[in-house]
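Since the structure comes first, as structure tokens, the remarks are kept for the end.
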Amino acid sequence: MSDYPDLHLYINGEWRKAKDDLPVLNPATEAEVGRLPRAGKSDLDDALEAAEAGFKVWSGTPPVERANVIYKAAALMRERQEEIATAITTEHGKPLPQARLEVIRGCEFFEWDAGEATRTYGRVIPSAPGVRYVVHHQPIGTVAAFSPWNFPMSQPSRKVAGAIASGCSIILKAAEETPAGALHIARAFHDAGLPPGVLNLVFGSPAEISDHLIRQDSVRLVAFTGSTAVGRHLTTLAAQHMTPVLMELGGHAPVIVCEDTDVEAAAVSGAIRKMRNAGQVCTSPTRFFVHERVFDEYLDAFTKRAAGTVVGNGFDPGVEMGPLANERRPPALAELVEDAVAQGAELTTGGKRTNEAGYFFEPTVLANVPDNARVMQEEPFGPLAVVNSISSLDEGIEKANSVPYGLAAYGYTNRADYADQLIERLEAGNVSINTLEASLPETPFGGVKHSGFGREGGTEGLHNYMVVKNVSHSIAIV
Ligand code: NAD
């Protein structure tokens with residue numbers, strides 16, 4: 001794809017290549033689309049030095065000025081929507097209309113946090129005359145951030161927005177499989193006049209980069225989105241340096257479908273949402289627990305809609321689902337399907353990789369899956385749904401909470417008492433009723449249990465990037 005960007009590292013306000021590079025592939029064709037520079041130790045050291053200097057400048061920049069730079073960068077990304085979306089579809093495979101929406105969502109994350117930059121209010125604590133106690137929020141320092149490949153532009157947006165809006169500097173290691181989204185963010189900030197060193201972008205060996213960055217004293221926060229296994233590893237590294245972490249990790253979202261709901265509409269919305277981004281979403285609905293009275297009708301409608309998903313190259317008109325993002329994903333899904341069927345699950349559609357080039361996997365529905373199948377505990381992170389029946393709301397909630405994850409959880413009901421039970425008892429950072437939306441710029445997003453800690457977005461988002469300083473000021477010396 002000729003309009004795929006020339007890839008660079010971005011350090012101290014300058015673009016640079018590196019000694020080594022890596023291929024970037026189009027997952028729909030497996031063709032090489034670019035070469036990605038691989039940062040060496042000296043590149044990382046330059047980024048650390050630049051970020052330290054950038055922090056000094058940026059933390060002293062008035063919040064309104066910081067917000068204006070972010071608004072300008074977001075406006076540039078909106079202007080460049082088509083160019084960025086094309087790059088995303090090329091490197092990730094998702095349908096072009098979904099890539100366009102992702103660019104807008106990324107801009108919305110920036111715009112929300114830009115507004116919040118001017119509202120990181122402190123607090124005055126009542127005190128005796130002649131004394132003041134004032135709580136301030138100050139930027140934490142240099143952030144080392146790691147973003148994954150499932151949303152090449154909106155995932156890094158979250159972290160860059162939080163850091164830059166708070167007055168921090170950031171070294172972002174974006175996903176090697178999908179570098180162009182992050183590259184376009186860096187371009188927009190460069191063109192919007194962000195001072196050198198505030199945003200630095202690197203790629204390379206994830207383990208080597210995280211190991212090198214996290215052990216530096218100048219790195220004051222580690223922000224990661226990805227699997228629980230890697231999150232646990234990075235949290236352990238950070239703990240050795242008493243560095244706080246923001247961890248947005250895996251999910252295995254349950255959907256409880258109550259008997260009073262509009263069954264057809266719930267099934268169709270569930271199947272469409274499941275296949276969005278080929279199921280490679282941490283909030284993707286996966287374990288559907290459907291009341292036995294409506295189970296057959298639901299499974300039938302869900303299977304039909306899932307099987308009817310138009311799969312193909314993301315550039316082809318009408319395509320609803322592209323390939324999986326990299327070659328690791330099809331075998332991982334095939335193994336989960338095989339295991340579930342061996343344990344007695346019924347495969348109602350899909351279940352295998354397709355024959356053509358590219359990492360395509362069929363939209364897949366497994367019904368009546370036994371609790372001991374791997375897929376009941378492991379996040380499939382792909383176009384795979386489990387539809388099981390429940391005999392009561394209590395059973396549904398118990399099954400929903402039976403995994404170590406707690407990111408998103410959903411319910412369909414029109415009964416206020418059922419909704420109340422779902423809201424109160426589901427163990428998740430984000431609970432949604434009659435909608436499968438879980439993550440917006442203005443709402444706090446994050447997990448409980450093994451899904452991580454800290455929140456992105458909402459008024460809560462910037463707090464991760466700031467430290468509290470209490471000031472006691474007495475007029476007289478006491
Ligand atoms: P993985 O566990 O190897 O990697 C997950 C992410 O972490 C990738 O972006 C990778 O580049 C990064 N990573 C890996 N090792 C690292 C290290 N030592 N230091 C810093 N970063 C590191 O798995 P994968 O095959 O890339 O993805 C599969 C699993 O990852 C999925 O099953 C899903 O659970 C999880 N994932 C979650 C999200 C999310 O949005 N929460 C996004 C992508 C992947």
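Naming works like this for the structure tokens: A, B, ... for the chains as they're shown, residue 1 at the start of each chain, ligands 1 onward in shown order.
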### Message
Could you list, as a ChimeraX atom specification, every residue within 12 Å of Gln421 in chain A, counting only C-alpha atoms and ignoring same-chain residues fewer than 2 positions away?
### Response
/A:256,258,393-394,396-398,410-411,413,415-419,423-427,431,433
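Taking CA of Ala306 in chain A and CA of Ala271 in chain A as the two end points, the separation is 5.3 Å.
For the set A:Val257, A:Ile125, A:Leu96, A:Val245, the residue with the smallest atom-to-atom gap to Gly312 in chain A is A:Leu96, counting only C-alpha atoms.
Distance-wise, CA of Gly344 in chain A and CA of Arg293 in chain A end up 22.0 Å apart.
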### Message
Can you tell me which residues surround range 323-330 of chain A at a distance of at most 7 Å, considering only C-alpha atoms, apart from same-chain residues fewer than 4 positions away, and format the answer as a PyMOL selection string?
### Response
chain A and resi 27-28+92-93+278+334+353+358-361
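Going from CA of Ala73 in chain A over to CA of Gly13 in chain A, you cover 14.5 Å.
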